[in-house]
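Input: a single structure, listed below in structure tokens.
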Amino acid sequence: MAEIIEIKDISSPELDVYARLTQAQLKNKQQRGKGLFIAEGTKVIEIALKSGLEPVSLLVERRHIEGKAKYIIDSCPNIPVYTAAQDILSRLTGFELTRGVLCAMQRPEEKKPEDILACAKRVAVLENIVDASNLGAIFRSAAALGIDGIILSPSCCDPLYRKAVRTSMGTVFQIPWFRFSGQWPVENLEHLKSQGFKCAALALNKNAMSIDAPELTKLERLALVLGTEGSGLLEKTIKACDYSVYIPMSAGVDSLNVAAAASIAFWQLRYK
């Protein structure tokens, strides 16, 4: 049975992981050789647990102990459950956004390229995506629209940032991902090509083809390469790809948010 611990002071050190450690500090906080991350809300926590991730502690608003958090607490009988009334917890940064339940969890081992690429037909490659909300939204679309894995450039933000996890609705635990090391982008995209992938850059240039071009959907293995929220893909990334692809638009609109563009690309170019 879980140990319920009443918190009366928000300065309690047990709450450091929820209130005072930065994302970088959580990532580097070693417990059994791994860092930590925070999952927010019952649905996201349930997905994380079903994905085999290891909980460390829970922070639950008192009124949810026998309510919506009961299933999660019963599923984690060997970890401490910290609790307090809402007026105390509301003083914790961001707690009002969590619907009353937080879980500190061990970071999973990062996937290796071969774990994803061996059987994948469609992957998303993300370059310099630094906004956690955009990253989480891309993961959610990828899960819904048949993408087999996500590959991050070295400078992308962490998919296990609290905001990314929340925005993804837990799909960061369902879609396998890894971060490229080595020289970005040429060396990394060449590795994809060596595994049989064609690389399609979502970019506006004179050589770009429409995203509904029939030859694209016929490709057996395709990597969709999407760039940063502001300036898009690096020129050298575009040159290293096999295709440049654009989404036809009207009303004088020249571009979409990267998360919206990703959703359209994932649907249009899904493996059939």
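Just remember, in the structure tokens the first chain shown is A, the second B, etc., residues are 1-based per chain, and ligands are 1-based in the order shown.
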Enumerate the residues of segment 20-258 of chain A with a DSSP assignment of strand (DSSP E), computed from the backbone, and present them as number ranges by chain. A: 36-40, 55-61, 80-84, 101-106, 122-126, 149-152, 177-179, 198-202, 209-210, 222-226, 243-246
If we count only C-alpha atoms, what is near Ile47 of chain A at a cut-off of 9 Å, once residues fewer than 3 positions away on the same chain are taken out, given as a PDB file with N, CA and C atoms, in the first residue's frame?
ATOM      1  N   THR A  42      -3.608  12.706 -14.818  1.00  0.00           N
ATOM      2  CA  THR A  42      -3.831  11.263 -14.690  1.00  0.00           C
ATOM      3  C   THR A  42      -3.682  10.529 -16.022  1.00  0.00           C
ATOM      4  N   LYS A  43      -4.191  11.097 -17.105  1.00  0.00           N
ATOM      5  CA  LYS A  43      -4.117  10.401 -18.391  1.00  0.00           C
ATOM      6  C   LYS A  43      -2.678  10.201 -18.831  1.00  0.00           C
ATOM      7  N   VAL A  44      -1.872  11.254 -18.741  1.00  0.00           N
ATOM      8  CA  VAL A  44      -0.471  11.166 -19.151  1.00  0.00           C
ATOM      9  C   VAL A  44       0.288  10.181 -18.263  1.00  0.00           C
ATOM     10  N   LYS A  50       1.764   2.478 -18.313  1.00  0.00           N
ATOM     11  CA  LYS A  50       1.480   1.373 -19.234  1.00  0.00           C
ATOM     12  C   LYS A  50       2.613   1.164 -20.225  1.00  0.00           C
ATOM     13  N   SER A  51       3.417   2.223 -20.437  1.00  0.00           N
ATOM     14  CA  SER A  51       4.575   2.103 -21.329  1.00  0.00           C
ATOM     15  C   SER A  51       5.787   1.515 -20.614  1.00  0.00           C
ATOM     16  N   GLY A  52       5.631   1.193 -19.331  1.00  0.00           N
ATOM     17  CA  GLY A  52       6.700   0.546 -18.584  1.00  0.00           C
ATOM     18  C   GLY A  52       7.658   1.486 -17.881  1.00  0.00           C
ATOM     19  N   MET A 169       0.223  14.791 -24.748  1.00  0.00           N
ATOM     20  CA  MET A 169      -0.762  13.903 -24.115  1.00  0.00           C
ATOM     21  C   MET A 169      -0.198  12.499 -23.920  1.00  0.00           C
ATOM     22  N   GLY A 170       1.093  12.439 -23.598  1.00  0.00           N
ATOM     23  CA  GLY A 170       1.722  11.168 -23.282  1.00  0.00           C
ATOM     24  C   GLY A 170       2.260  10.395 -24.474  1.00  0.00           C
ATOM     25  N   THR A 171       2.074  10.906 -25.679  1.00  0.00           N
ATOM     26  CA  THR A 171       2.549  10.159 -26.853  1.00  0.00           C
ATOM     27  C   THR A 171       4.072  10.136 -26.965  1.00  0.00           C
ATOM     28  N   PHE A 173       5.783   8.864 -24.895  1.00  0.00           N
ATOM     29  CA  PHE A 173       6.100   7.540 -24.368  1.00  0.00           C
ATOM     30  C   PHE A 173       5.740   6.433 -25.354  1.00  0.00           C
ATOM     31  N   GLN A 174       4.985   6.773 -26.379  1.00  0.00           N
ATOM     32  CA  GLN A 174       4.485   5.765 -27.315  1.00  0.00           C
ATOM     33  C   GLN A 174       5.249   5.757 -28.629  1.00  0.00           C
TER      34      GLN A 174
END
From A:Arg91, A:Arg270, A:Arg107, A:Arg122, residue lying nearest Pro55 of chain A [only C-alpha atoms]: A:Arg107
Using only C-alpha atoms, can you tell me which of A:Gln183, A:Ser75, A:Asn134, A:Ser57 comes closest to Met105 of chain A? A:Ser57
Could you name the residues that touch segment 179-181 of chain A at 12 Å or less, counting only C-alpha atoms, but leaving out those on the same chain fewer than 6 positions away, as a PyMOL selection string? chain A and resi 109-114+116+124-128+149-159+187-192
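Among the candidate residues A:Lys206, A:Arg162, A:Arg62, A:Arg221, the one lying nearest to Ile5 of chain A is A:Arg62, with distances computed using only C-alpha atoms.
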Please report, as a ChimeraX atom specification, each residue of segment 143-197 of chain A to which DSSP assigns alpha helix (DSSP H) when run on this structure's backbone. /A:143-144,162-168,186-194
